[in-house]
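This is my_file_29.txt (compact mmCIF, C-alpha atoms and all ligand atoms).
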# COMPACT_ATOMS: atom_id res chain seq x y z
CA MET D 1 -13.87 17.87 -24.81
CA GLN D 2 -15.32 15.58 -22.14
CA LYS D 3 -16.33 17.23 -18.84
CA PHE D 4 -16.49 15.65 -15.39
CA ASP D 5 -16.82 16.99 -11.87
CA VAL D 6 -13.87 14.88 -10.72
CA VAL D 7 -11.02 13.24 -12.61
CA VAL D 8 -9.17 10.55 -10.66
CA VAL D 9 -5.81 9.45 -12.04
CA GLY D 10 -5.13 5.80 -11.12
CA GLY D 11 -7.68 2.99 -10.99
CA SER D 12 -6.21 1.03 -8.11
CA VAL D 13 -7.44 0.78 -4.53
CA SER D 14 -7.37 4.47 -3.57
CA GLY D 15 -8.56 5.76 -6.97
CA SER D 16 -11.52 3.38 -6.97
CA ALA D 17 -12.37 4.37 -3.39
CA VAL D 18 -12.47 8.08 -4.31
CA ALA D 19 -14.45 7.34 -7.46
CA LEU D 20 -16.98 5.13 -5.65
CA ARG D 21 -17.79 7.73 -3.02
CA CYS D 22 -17.96 10.67 -5.44
CA ALA D 23 -20.10 8.74 -7.94
CA SER D 24 -22.40 7.47 -5.17
CA ALA D 25 -22.99 11.11 -4.19
CA GLY D 26 -24.08 11.86 -7.75
CA LEU D 27 -20.92 13.51 -9.11
CA SER D 28 -19.70 12.74 -12.61
CA VAL D 29 -16.35 10.97 -12.26
CA ALA D 30 -13.72 9.75 -14.72
CA VAL D 31 -10.96 7.37 -13.65
CA VAL D 32 -7.93 7.58 -15.92
CA GLU D 33 -5.95 4.32 -15.81
CA GLU D 34 -2.93 3.65 -17.97
CA HIS D 35 -3.34 -0.13 -17.95
CA PRO D 36 -6.07 -2.15 -19.71
CA LEU D 37 -7.38 -3.35 -16.33
CA PRO D 38 -7.60 -1.65 -12.93
CA GLY D 39 -5.07 -1.97 -10.17
CA LYS D 40 -1.63 -3.08 -9.24
CA TYR D 41 -1.51 -6.36 -11.17
CA GLY D 42 -0.64 -8.25 -8.00
CA ARG D 43 2.52 -6.21 -7.29
CA CYS D 44 1.80 -6.32 -3.57
CA THR D 45 1.97 -8.88 -0.75
CA ALA D 46 -1.64 -7.96 -0.03
CA ILE D 47 -1.92 -9.00 3.58
CA VAL D 48 -4.47 -6.77 5.29
CA SER D 49 -5.81 -6.81 8.84
CA LYS D 50 -9.32 -8.22 9.02
CA LYS D 51 -10.40 -5.24 11.11
CA GLY D 52 -8.93 -2.83 8.57
CA LEU D 53 -10.69 -4.57 5.69
CA ASN D 54 -13.99 -4.47 7.55
CA SER D 55 -13.45 -0.79 8.38
CA ILE D 56 -13.06 0.23 4.74
CA GLY D 57 -16.22 -1.61 3.72
CA GLY D 58 -16.94 -3.60 0.61
CA GLU D 59 -16.95 -7.31 0.02
CA TYR D 60 -13.56 -9.02 -0.06
CA SER D 61 -14.38 -12.72 0.31
CA SER D 62 -14.08 -13.36 -3.45
CA SER D 63 -10.47 -12.14 -3.37
CA ALA D 64 -9.44 -13.74 -0.04
CA LEU D 65 -6.77 -16.42 -0.43
CA ASN D 66 -5.75 -17.22 3.14
CA LYS D 67 -6.44 -16.43 6.79
CA ILE D 68 -3.58 -15.46 9.10
CA ARG D 69 -3.74 -16.12 12.82
CA GLY D 70 -0.18 -15.48 13.96
CA ALA D 71 3.38 -14.47 13.22
CA ASP D 72 6.92 -15.71 13.84
CA ILE D 73 9.25 -12.76 14.23
CA ASP D 74 12.96 -13.45 13.84
CA ALA D 75 15.81 -11.11 14.73
CA ALA D 76 19.43 -12.25 14.69
CA GLY D 77 18.55 -15.76 15.82
CA ALA D 78 16.02 -14.75 18.51
CA ARG D 79 12.41 -15.65 17.76
CA LEU D 80 9.05 -14.48 19.07
CA SER D 81 5.98 -16.49 18.10
CA ILE D 82 2.57 -14.94 18.34
CA ARG D 83 -0.44 -17.20 17.90
CA THR D 84 -4.07 -16.28 18.30
CA GLY D 85 -7.22 -18.28 17.93
CA LYS D 86 -8.75 -15.45 15.90
CA VAL D 87 -8.18 -14.55 12.27
CA GLN D 88 -6.02 -11.42 12.39
CA ALA D 89 -5.36 -10.78 8.73
CA ILE D 90 -6.40 -11.86 5.26
CA VAL D 91 -4.08 -12.53 2.35
CA LEU D 92 -5.73 -11.23 -0.79
CA ASP D 93 -5.53 -11.89 -4.49
CA ARG D 94 -4.67 -8.25 -5.16
CA PHE D 95 -5.64 -8.46 -8.81
CA LYS D 96 -9.16 -9.65 -7.97
CA PHE D 97 -9.43 -7.21 -5.06
CA ASP D 98 -8.56 -4.20 -7.25
CA GLN D 99 -11.01 -5.36 -9.91
CA ALA D 100 -13.78 -5.70 -7.33
CA CYS D 101 -13.08 -2.16 -6.03
CA ALA D 102 -13.18 -0.79 -9.59
CA ARG D 103 -16.37 -2.73 -10.38
CA ARG D 104 -18.10 -1.18 -7.38
CA ALA D 105 -17.03 2.31 -8.48
CA GLY D 106 -18.16 1.55 -12.04
CA ASN D 107 -21.53 0.29 -10.81
CA ALA D 108 -21.98 3.54 -8.87
CA GLY D 109 -21.52 5.47 -12.12
CA ALA D 110 -17.78 6.24 -12.35
CA ARG D 111 -16.44 6.06 -15.90
CA PHE D 112 -13.14 4.18 -16.29
CA LEU D 113 -10.90 5.30 -19.17
CA PHE D 114 -8.45 2.41 -19.57
CA ASN D 115 -5.25 2.44 -21.63
CA THR D 116 -5.16 6.16 -20.95
CA ARG D 117 -2.15 7.81 -19.39
CA PHE D 118 -2.37 11.14 -17.59
CA GLU D 119 0.41 13.46 -18.79
CA SER D 120 -0.20 17.01 -17.57
CA PHE D 121 -2.83 19.57 -16.76
CA VAL D 122 -3.47 23.30 -16.89
CA ALA D 123 -5.71 25.43 -14.69
CA ASP D 124 -8.61 26.71 -16.74
CA GLY D 125 -11.18 29.08 -15.26
CA SER D 126 -12.51 27.46 -12.09
CA GLY D 127 -11.17 24.02 -12.96
CA PHE D 128 -8.54 22.08 -14.87
CA VAL D 129 -7.98 20.60 -18.28
CA ALA D 130 -6.08 17.32 -18.00
CA THR D 131 -4.11 16.07 -21.00
CA CYS D 132 -4.04 12.30 -21.35
CA LYS D 133 -2.61 9.98 -24.00
CA LYS D 134 -4.04 6.69 -25.21
CA THR D 135 -1.32 4.12 -24.60
CA LYS D 136 -2.12 2.22 -27.80
CA ASN D 137 -2.28 4.86 -30.56
CA LYS D 138 -0.86 7.83 -28.57
CA ALA D 139 -3.97 9.89 -29.37
CA THR D 140 -4.32 12.90 -27.09
CA GLN D 141 -7.45 13.25 -25.00
CA LYS D 142 -8.33 16.42 -23.08
CA ILE D 143 -10.67 16.18 -20.09
CA ARG D 144 -12.09 19.09 -18.13
CA CYS D 145 -12.81 18.76 -14.40
CA LYS D 146 -13.38 20.75 -11.22
CA VAL D 147 -11.31 18.54 -8.93
CA LEU D 148 -8.24 16.51 -9.93
CA VAL D 149 -7.20 13.57 -7.73
CA GLY D 150 -3.81 11.89 -8.05
CA ALA D 151 -4.24 8.28 -6.95
CA ASP D 152 -1.43 7.18 -9.23
CA GLY D 153 0.98 5.58 -6.83
CA ALA D 154 4.45 6.28 -5.50
CA ASN D 155 5.71 7.77 -8.81
CA SER D 156 2.70 10.06 -9.13
CA SER D 157 2.56 11.97 -12.42
CA VAL D 158 -0.10 14.26 -10.93
CA ALA D 159 2.26 15.20 -8.08
CA ALA D 160 5.04 15.93 -10.58
CA ALA D 161 2.75 17.96 -12.87
CA ALA D 162 1.40 20.03 -9.97
CA CYS D 163 4.90 20.50 -8.44
CA PHE D 164 4.09 18.86 -5.11
CA PRO D 165 7.16 18.44 -2.86
CA ALA D 166 8.92 15.24 -3.93
CA PHE D 167 9.67 12.25 -1.68
CA ARG D 168 13.33 12.01 -0.69
CA GLU D 169 15.16 8.82 -1.62
CA ARG D 170 15.47 7.84 2.04
CA ASP D 171 11.66 8.04 2.40
CA TYR D 172 11.23 4.90 0.26
CA ALA D 173 11.53 1.22 1.02
CA PHE D 174 12.96 -0.47 -2.10
CA CYS D 175 11.41 -3.91 -2.29
CA TYR D 176 11.60 -7.18 -4.14
CA GLU D 177 8.98 -9.91 -3.89
CA ALA D 178 8.41 -13.28 -5.55
CA GLU D 179 5.40 -15.56 -5.29
CA TYR D 180 6.33 -19.25 -5.28
CA GLY D 181 4.21 -22.30 -6.01
CA CYS D 182 5.08 -25.82 -4.74
CA ALA D 183 6.63 -24.30 -1.61
CA ASN D 184 7.26 -26.20 1.58
CA VAL D 185 4.92 -24.15 3.79
CA GLN D 186 4.94 -25.55 7.33
CA LYS D 187 2.46 -23.16 8.97
CA ALA D 188 -0.09 -21.90 6.48
CA ASP D 189 -1.76 -19.60 9.02
CA ALA D 190 1.33 -17.69 10.20
CA VAL D 191 3.54 -15.10 8.54
CA GLN D 192 7.28 -15.02 9.05
CA VAL D 193 8.95 -11.65 9.63
CA PHE D 194 12.74 -11.22 9.51
CA LEU D 195 14.34 -8.19 11.14
CA ASP D 196 17.99 -7.67 10.27
CA SER D 197 19.35 -4.15 10.48
CA GLU D 198 22.64 -5.13 8.81
CA LYS D 199 21.31 -6.97 5.77
CA LEU D 200 17.88 -5.32 5.53
CA PRO D 201 18.51 -1.80 6.85
CA GLY D 202 15.41 0.36 7.20
CA PHE D 203 12.86 -2.37 6.47
CA PHE D 204 12.53 -6.16 6.79
CA GLY D 205 11.95 -9.49 5.08
CA TRP D 206 8.77 -11.56 5.00
CA ALA D 207 7.21 -14.85 3.98
CA VAL D 208 3.44 -14.70 3.69
CA PRO D 209 1.63 -17.96 2.91
CA CYS D 210 -1.25 -17.81 0.41
CA SER D 211 -2.01 -21.53 0.97
CA SER D 212 -0.18 -24.64 2.12
CA SER D 213 1.92 -24.61 -1.07
CA VAL D 214 2.02 -20.99 -2.24
CA VAL D 215 4.04 -18.30 -0.47
CA ARG D 216 5.02 -14.68 -1.11
CA VAL D 217 8.62 -14.08 -0.10
CA GLY D 218 9.91 -10.53 -0.11
CA LEU D 219 12.26 -8.01 1.38
CA GLY D 220 12.80 -4.29 1.49
CA THR D 221 15.48 -1.84 2.47
CA THR D 222 15.73 1.94 2.50
CA SER D 223 19.15 1.65 0.89
CA ARG D 224 18.47 1.41 -2.86
CA HIS D 225 21.99 0.42 -3.88
CA ARG D 226 22.03 -2.46 -1.36
CA LEU D 227 18.83 -4.10 -2.58
CA LEU D 228 20.50 -6.77 -4.72
CA TYR D 229 23.00 -7.61 -1.98
CA SER D 230 20.15 -7.74 0.58
CA LYS D 231 18.14 -9.98 -1.75
CA ALA D 232 21.01 -12.45 -2.16
CA ALA D 233 21.65 -12.51 1.60
CA PHE D 234 17.96 -12.91 2.43
CA PHE D 235 17.34 -15.76 0.00
CA SER D 236 20.34 -17.63 1.38
CA ARG D 237 18.83 -17.70 4.89
CA PRO D 238 18.20 -21.29 6.03
CA GLU D 239 14.52 -20.52 6.81
CA ILE D 240 13.89 -19.23 3.28
CA ARG D 241 15.85 -22.09 1.67
CA ALA D 242 13.84 -24.59 3.71
CA LEU D 243 10.61 -22.91 2.63
CA LEU D 244 11.55 -23.09 -1.05
CA TRP D 245 13.20 -26.51 -0.94
CA PRO D 246 13.10 -28.72 -2.98
CA ALA D 247 10.76 -27.72 -5.80
CA ALA D 248 9.36 -24.19 -5.34
CA LYS D 249 8.87 -22.31 -8.61
CA VAL D 250 8.56 -18.55 -9.10
CA ARG D 251 5.07 -17.67 -10.36
CA ARG D 252 5.67 -13.92 -10.53
CA GLU D 253 8.23 -11.45 -9.19
CA PHE D 254 8.64 -7.71 -9.09
CA TYR D 255 10.63 -4.78 -7.72
CA ALA D 256 8.68 -1.81 -6.32
CA MET D 257 8.93 1.10 -3.91
CA ILE D 258 6.81 2.02 -0.90
CA PRO D 259 6.84 5.62 0.37
CA LEU D 260 7.24 5.42 4.16
CA ARG D 261 6.40 9.02 5.00
CA PRO D 262 3.67 11.39 3.78
CA ARG D 263 4.60 14.12 1.34
CA LYS D 264 5.02 17.55 2.90
CA ARG D 265 1.91 18.64 0.98
CA THR D 266 -0.89 16.53 -0.43
CA GLN D 267 -3.26 19.29 -1.58
CA ILE D 268 -2.67 22.31 -3.76
CA GLY D 269 -6.00 24.03 -4.32
CA ASN D 270 -8.30 21.48 -5.89
CA VAL D 271 -5.53 19.03 -6.77
CA LEU D 272 -5.42 16.23 -4.18
CA LEU D 273 -3.10 13.27 -3.71
CA VAL D 274 -4.26 10.04 -2.06
CA GLY D 275 -2.75 6.66 -1.24
CA ASP D 276 0.86 5.99 -2.21
CA ALA D 277 0.93 9.24 -4.19
CA ALA D 278 0.49 11.03 -0.85
CA GLY D 279 2.67 8.61 1.16
CA GLN D 280 -0.14 7.26 3.33
CA ALA D 281 1.37 3.78 3.94
CA LYS D 282 2.45 2.45 7.35
CA ALA D 283 6.22 2.80 7.83
CA SER D 284 6.27 -0.22 10.18
CA THR D 285 5.00 -2.76 7.63
CA GLY D 286 4.57 -0.90 4.32
CA GLY D 287 0.85 -1.67 4.37
CA GLY D 288 -1.06 1.00 2.50
CA ILE D 289 -4.42 -0.44 1.54
CA VAL D 290 -6.35 0.48 4.70
CA PHE D 291 -5.06 4.03 5.22
CA ALA D 292 -5.22 4.80 1.48
CA SER D 293 -8.88 3.77 1.42
CA ARG D 294 -9.69 5.78 4.54
CA CYS D 295 -7.97 8.93 3.24
CA ALA D 296 -9.66 8.42 -0.14
CA LYS D 297 -13.04 8.71 1.59
CA ILE D 298 -12.03 12.07 3.09
CA ALA D 299 -10.82 13.28 -0.33
CA ALA D 300 -14.12 12.22 -1.90
CA ASP D 301 -16.26 13.87 0.79
CA GLU D 302 -14.36 17.13 0.38
CA ALA D 303 -14.71 16.96 -3.42
CA VAL D 304 -18.48 16.36 -3.07
CA ALA D 305 -18.86 19.32 -0.66
CA PHE D 306 -16.94 21.53 -3.10
CA VAL D 307 -18.87 20.54 -6.20
CA ARG D 308 -22.30 20.53 -4.51
CA ARG D 309 -22.00 23.51 -2.16
CA GLY D 310 -18.87 25.38 -3.24
CA LYS D 311 -17.23 24.62 0.13
CA PRO D 312 -13.44 25.09 0.05
CA ILE D 313 -11.61 21.75 0.08
CA ARG D 314 -9.91 21.00 3.41
CA TYR D 315 -8.59 17.53 2.58
CA GLU D 316 -5.04 18.18 3.81
CA GLN D 317 -6.13 19.28 7.31
CA ARG D 318 -8.77 16.57 7.64
CA TRP D 319 -6.72 13.53 6.70
CA ARG D 320 -3.72 14.71 8.71
CA LYS D 321 -5.91 15.29 11.76
CA ALA D 322 -7.48 11.85 11.43
CA TYR D 323 -4.44 9.73 10.52
CA CYS D 324 -1.13 11.57 10.83
CA GLY D 325 -0.83 10.59 14.51
CA LYS D 326 -1.40 6.92 13.68
CA LEU D 327 0.98 6.92 10.73
CA GLY D 328 3.50 8.80 12.92
CA LEU D 329 3.35 6.01 15.50
CA HIS D 330 4.20 3.48 12.79
CA ARG D 331 7.15 5.71 11.79
CA ARG D 332 8.38 5.88 15.38
CA ILE D 333 8.25 2.08 15.63
CA ARG D 334 10.26 1.87 12.42
CA SER D 335 12.83 4.39 13.78
CA VAL D 336 13.23 2.45 17.04
CA LEU D 337 13.68 -0.86 15.18
CA ASP D 338 16.24 0.80 12.86
CA ALA D 339 18.15 2.30 15.78
CA LEU D 340 18.40 -0.91 17.82
CA GLY D 341 20.81 -2.84 15.59
CA ASN D 342 20.82 -6.63 15.48
CA ARG D 343 21.90 -7.12 19.08
CA GLY D 344 19.22 -4.73 20.29
CA LEU D 345 16.58 -6.41 18.14
CA SER D 346 17.39 -9.89 19.40
CA PHE D 347 17.45 -8.55 22.99
CA LEU D 348 14.04 -6.95 22.37
CA LEU D 349 12.57 -10.24 21.17
CA LEU D 350 14.10 -12.21 24.05
CA ALA D 351 12.88 -9.63 26.58
CA GLY D 352 9.49 -9.59 24.84
CA LYS D 353 9.28 -13.36 25.10
CA PHE D 354 10.22 -13.26 28.77
CA LEU D 355 7.76 -10.43 29.57
CA GLY D 356 4.92 -12.04 27.64
CA LEU D 357 4.86 -9.50 24.79
CA GLY D 358 3.35 -12.19 22.55
CA ALA D 359 0.34 -12.46 24.87
CA VAL D 360 -0.11 -8.66 24.96
CA LEU D 361 0.01 -8.48 21.17
CA GLU D 362 -2.40 -11.40 20.93
CA ARG D 363 -4.84 -9.60 23.19
CA PHE D 364 -4.51 -5.97 22.09
CA GLY D 365 -2.34 -5.90 18.97
CA ASP D 366 -3.74 -4.40 15.81
CA MET D 367 -1.86 -4.13 12.49
CA ASP D 368 -3.26 -0.68 11.79
CA GLU D 369 -3.90 1.00 15.14
CA ILE D 370 -0.90 -0.65 16.95
CA LEU D 371 -2.81 -1.12 20.20
CA SER D 372 -6.57 -1.23 20.24
CA VAL D 373 -7.75 -1.21 23.81
C1 LIG D 401 6.33 -5.10 -2.20
C2 LIG D 401 5.08 -4.45 -1.68
C3 LIG D 401 4.29 -5.12 -0.76
C4 LIG D 401 3.15 -4.53 -0.24
N1 LIG D 401 2.38 -5.23 0.63
C5 LIG D 401 1.27 -4.68 1.15
C6 LIG D 401 0.46 -5.41 2.05
O1 LIG D 401 0.74 -6.57 2.34
N2 LIG D 401 -0.64 -4.80 2.58
C7 LIG D 401 -0.97 -3.51 2.25
O2 LIG D 401 -1.94 -2.98 2.78
N3 LIG D 401 -0.22 -2.80 1.38
C8 LIG D 401 0.89 -3.34 0.83
N4 LIG D 401 1.66 -2.63 -0.05
C9 LIG D 401 1.30 -1.24 -0.32
C10 LIG D 401 0.15 -1.14 -1.29
O3 LIG D 401 0.42 -1.88 -2.45
C11 LIG D 401 -0.09 0.32 -1.65
O4 LIG D 401 -0.09 1.12 -0.49
C12 LIG D 401 -1.41 0.50 -2.38
O5 LIG D 401 -1.40 -0.26 -3.56
C13 LIG D 401 -1.59 1.96 -2.71
O6 LIG D 401 -2.67 2.05 -3.57
P1 LIG D 401 -2.82 3.31 -4.54
O7 LIG D 401 -4.16 3.16 -5.17
O8 LIG D 401 -2.54 4.55 -3.81
O9 LIG D 401 -1.65 3.17 -5.62
P2 LIG D 401 -1.30 1.98 -6.58
O10 LIG D 401 -1.89 0.71 -6.09
O11 LIG D 401 0.16 2.03 -6.81
O12 LIG D 401 -2.04 2.32 -7.95
C14 LIG D 401 -1.67 3.37 -8.78
C15 LIG D 401 -2.50 3.24 -10.04
O13 LIG D 401 -2.27 4.39 -10.86
C16 LIG D 401 -2.03 3.97 -12.19
N5 LIG D 401 -1.19 5.02 -12.81
C17 LIG D 401 0.05 5.40 -12.43
N6 LIG D 401 0.47 6.44 -13.17
C18 LIG D 401 -0.55 6.72 -14.04
C19 LIG D 401 -0.72 7.71 -15.06
N7 LIG D 401 0.22 8.63 -15.34
N8 LIG D 401 -1.88 7.72 -15.76
C20 LIG D 401 -2.85 6.80 -15.49
N9 LIG D 401 -2.74 5.86 -14.54
C21 LIG D 401 -1.60 5.82 -13.80
C22 LIG D 401 -1.35 2.62 -12.06
O14 LIG D 401 -1.46 1.85 -13.23
C23 LIG D 401 -2.12 2.02 -10.88
O15 LIG D 401 -3.29 1.37 -11.31
C24 LIG D 401 2.80 -3.20 -0.62
C25 LIG D 401 3.57 -2.53 -1.56
C26 LIG D 401 4.69 -3.14 -2.10
C27 LIG D 401 5.51 -2.40 -3.12

Spit out the file's structure as structure tokens when you get a sec.
Ligand SMILES: Cc1cc2nc3c(=O)[nH]c(=O)nc-3n(C[C@H](O)[C@H](O)[C@H](O)COP(=O)(O)OP(=O)(O)OC[C@H]3O[C@@H](n4cnc5c(N)ncnc54)[C@H](O)[C@@H]3O)c2cc1C
Amino acid sequence: MQKFDVVVVGGSVSGSAVALRCASAGLSVAVVEEHPLPGKYGRCTAIVSKKGLNSIGGEYSSSALNKIRGADIDAAGARLSIRTGKVQAIVLDRFKFDQACARRAGNAGARFLFNTRFESFVADGSGFVATCKKTKNKATQKIRCKVLVGADGANSSVAAAACFPAFRERDYAFCYEAEYGCANVQKADAVQVFLDSEKLPGFFGWAVPCSSSVVRVGLGTTSRHRLLYSKAAFFSRPEIRALLWPAAKVRREFYAMIPLRPRKRTQIGNVLLVGDAAGQAKASTGGGIVFASRCAKIAADEAVAFVRRGKPIRYEQRWRKAYCGKLGLHRRIRSVLDALGNRGLSFLLLAGKFLGLGAVLERFGDMDEILSV
């Protein structure tokens, strides 16, 4: 049986971040990934604030597709345009980004076990024995470790195996996104955001340009059974039809879920959940890359302190102290937007326009910290 200090399940952004930090500190680390390559296979809009990307470290220029300087926010016909001279966000090639994160972790010494699916685990002495299955020949592989990290996304198998409290259905945004080529992108440096509490209850729609001819168009709602209706209504909007007219072609499309609220628990003993498995995404936008990476660092530091010095793991307290307030602010913004209704939303945008909200956001707005003064 193979033995490691830390087994990380999931080789995407948060799993690679945990693995990188643990391996850099000299721990033996295995990353169990069910796919043949690391990451989310591009199932993400992958727009990330420039500040956030810089804060999590690592080189991202090889996966950067586009620079975003502003946004057009639309609510029931009212529109607020925010333009800044500065680059606010980067649109990434998520596939390349995830591979670069995994490469860094691999270079630091983490061992990636691809085509390997985590199934279950048992406590064994002072650690765990994880049971994994090779996806190709279904061979069983047992791996012993001292710390088990679930970085395996919104449908975490680690969370299920360790009986962590489940997300409730209303805690998810159910999303659809398609990337189009040959699109009629008018402003390649601005995203379009569509708020519509009747057709997109609980979330919103978006159009994020990757270049002057490629755009990611998506929508989400917290009402699972309305997703197809919301999708049809959203794609019949004149702005979206104009964007895709006359020759846009779907390059890839997917349905996925984003947990909009942290799980009630994210640590049971030495089993830790990070990223989407823990529900560490922003409820306002669904962005999870920055907070997942930050929380992953805390998880890794706690794992290192445990393995090296036997210090009890205090991941749950530490990440909640550092980020729960910030994630809570994003949830409050989401609740206010949900409560306003379409008339309230359009009034908010009109009032915002009149009061110069665009200028305030230009000056102090931050996609992750809300206001950075
Ligand atoms: C439509 C949509 C748009 C988004 N847009 C943005 C955005 O613009 N900006 C942003 O910051 N965030 C965005 N997000 C959120 C972002 O994608 C996630 O927050 C982020 O990917 C979380 O990373 P993670 O490593 O925690 O999990 P994931 O990226 O979901 O990775 C989980 C990994 O675990 C692996 N895995 C799962 N189960 C097992 C198993 N049993 N055994 C082995 N491996 C397993 C998977 O193959 C995968 O590699 C978006 C999400 C969606 C759905």

Spatial neighbours of Ala100 in chain D, max dist 10 Å, all atoms listed in the file, sep filter under 3 positions, as a list in words: Val13, Ser16, Pro38, Gly39, Gly58, Glu59, Tyr60, Ser62, Ser63, Arg94, Phe95, Lys96, Phe97, Arg103, Arg104, Ala105 and Gly106 of chain D

Which residues, written as a PyMOL selection string, have at least one atom at most 12 Å from Pro246 in chain D, with only C-alpha atoms counted and residues fewer than 2 positions away on the same chain left out? chain D and resi 180-185+240-244+248-249

Resulting file, chosen residues, C-alpha atoms, as a JSON list (two decimals), keeping the file's coordinate frame:
[["chain", "number", "residue", "atom", "x", "y", "z"],
["D", 180, "TYR", "CA", 6.33, -19.25, -5.28],
["D", 181, "GLY", "CA", 4.21, -22.30, -6.01],
["D", 182, "CYS", "CA", 5.08, -25.82, -4.74],
["D", 183, "ALA", "CA", 6.63, -24.30, -1.61],
["D", 184, "ASN", "CA", 7.26, -26.20, 1.58],
["D", 185, "VAL", "CA", 4.92, -24.15, 3.79],
["D", 240, "ILE", "CA", 13.89, -19.23, 3.28],
["D", 241, "ARG", "CA", 15.85, -22.09, 1.67],
["D", 242, "ALA", "CA", 13.84, -24.59, 3.71],
["D", 243, "LEU", "CA", 10.61, -22.91, 2.63],
["D", 244, "LEU", "CA", 11.55, -23.09, -1.05],
["D", 248, "ALA", "CA", 9.36, -24.19, -5.34],
["D", 249, "LYS", "CA", 8.87, -22.31, -8.61]]

Would you pick out the contacts of range 172-177 of chain D at 6 Å or less, using only C-alpha atoms, so that residues sharing its chain but fewer than 3 positions from it are not included, and give the list as a compact mmCIF listing (two decimals) with C-alpha atoms, in the coordinates of the input?
# COMPACT_ATOMS: atom_id res chain seq x y z
CA GLU D 169 15.16 8.82 -1.62
CA VAL D 217 8.62 -14.08 -0.10
CA GLY D 218 9.91 -10.53 -0.11
CA LEU D 219 12.26 -8.01 1.38
CA GLY D 220 12.80 -4.29 1.49
CA THR D 221 15.48 -1.84 2.47
CA THR D 222 15.73 1.94 2.50
CA ARG D 224 18.47 1.41 -2.86
CA GLU D 253 8.23 -11.45 -9.19
CA PHE D 254 8.64 -7.71 -9.09
CA TYR D 255 10.63 -4.78 -7.72
CA ALA D 256 8.68 -1.81 -6.32
CA MET D 257 8.93 1.10 -3.91
CA ILE D 258 6.81 2.02 -0.90
CA PRO D 259 6.84 5.62 0.37
CA LEU D 260 7.24 5.42 4.16

Residues within 12 Å of Ala162 in chain D, only C-alpha atoms, excluding chain neighbours under 3 positions, as an mmCIF file with C-alpha atoms, keeping the file's coordinate frame:
data_model
loop_
_atom_site.group_PDB
_atom_site.id
_atom_site.type_symbol
_atom_site.label_atom_id
_atom_site.label_comp_id
_atom_site.auth_asym_id
_atom_site.auth_seq_id
_atom_site.Cartn_x
_atom_site.Cartn_y
_atom_site.Cartn_z
ATOM 1 C CA GLU D 119 0.410 13.460 -18.790
ATOM 2 C CA SER D 120 -0.200 17.010 -17.570
ATOM 3 C CA PHE D 121 -2.830 19.570 -16.760
ATOM 4 C CA VAL D 122 -3.470 23.300 -16.890
ATOM 5 C CA ALA D 123 -5.710 25.430 -14.690
ATOM 6 C CA PHE D 128 -8.540 22.080 -14.870
ATOM 7 C CA ALA D 130 -6.080 17.320 -18.000
ATOM 8 C CA LEU D 148 -8.240 16.510 -9.930
ATOM 9 C CA VAL D 149 -7.200 13.570 -7.730
ATOM 10 C CA GLY D 150 -3.810 11.890 -8.050
ATOM 11 C CA SER D 156 2.700 10.060 -9.130
ATOM 12 C CA SER D 157 2.560 11.970 -12.420
ATOM 13 C CA VAL D 158 -0.100 14.260 -10.930
ATOM 14 C CA ALA D 159 2.260 15.200 -8.080
ATOM 15 C CA PRO D 165 7.160 18.440 -2.860
ATOM 16 C CA ALA D 166 8.920 15.240 -3.930
ATOM 17 C CA ARG D 265 1.910 18.640 0.980
ATOM 18 C CA THR D 266 -0.890 16.530 -0.430
ATOM 19 C CA GLN D 267 -3.260 19.290 -1.580
ATOM 20 C CA ILE D 268 -2.670 22.310 -3.760
ATOM 21 C CA GLY D 269 -6.000 24.030 -4.320
ATOM 22 C CA ASN D 270 -8.300 21.480 -5.890
ATOM 23 C CA VAL D 271 -5.530 19.030 -6.770
ATOM 24 C CA LEU D 272 -5.420 16.230 -4.180
ATOM 25 C CA LEU D 273 -3.100 13.270 -3.710
#

Which residue of D:Ala89, D:Ile313, D:Leu340, D:Leu355 approaches Asn66 in chain D most closely, using all atoms listed in the file: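 Result for the nearest residue to Asn66 in chain D: D:Ala89.
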
Could you check which of D:Lys321, D:Arg226, D:Lys146, D:Lys297 is closest to Ser24 in chain D, using all atoms listed in the file?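 Closest to Ser24 in chain D of all the choices is D:Lys297.
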
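Between CA of Glu34 in chain D and CA of Gln99 in chain D there is a distance of 14.5 Å.
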
Tell me which of D:Ser14, D:Gln2, D:Ser55, D:Ser284 sits closest to ligand LIG 401 (chain D), counting only C-alpha atoms and all ligand atoms.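 Checking each candidate against ligand LIG 401 (chain D), we get D:Ser14 as the closest.
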
Just the residues within 8 Å of Thr84 in chain D, please, counting all atoms listed in the file, with nothing from its chain fewer than 3 positions along; format it as a PDB file with C-alpha atoms, in the frame of the given file.
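Okay, this is what ended up in result-v1.pdb:
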ATOM      1  CA  ARG D  69      -3.740 -16.120  12.820  1.00  0.00           C
ATOM      2  CA  GLY D  70      -0.180 -15.480  13.960  1.00  0.00           C
ATOM      3  CA  VAL D  87      -8.180 -14.550  12.270  1.00  0.00           C
ATOM      4  CA  GLN D  88      -6.020 -11.420  12.390  1.00  0.00           C
ATOM      5  CA  GLU D 362      -2.400 -11.400  20.930  1.00  0.00           C
TER       6      GLU D 362
END
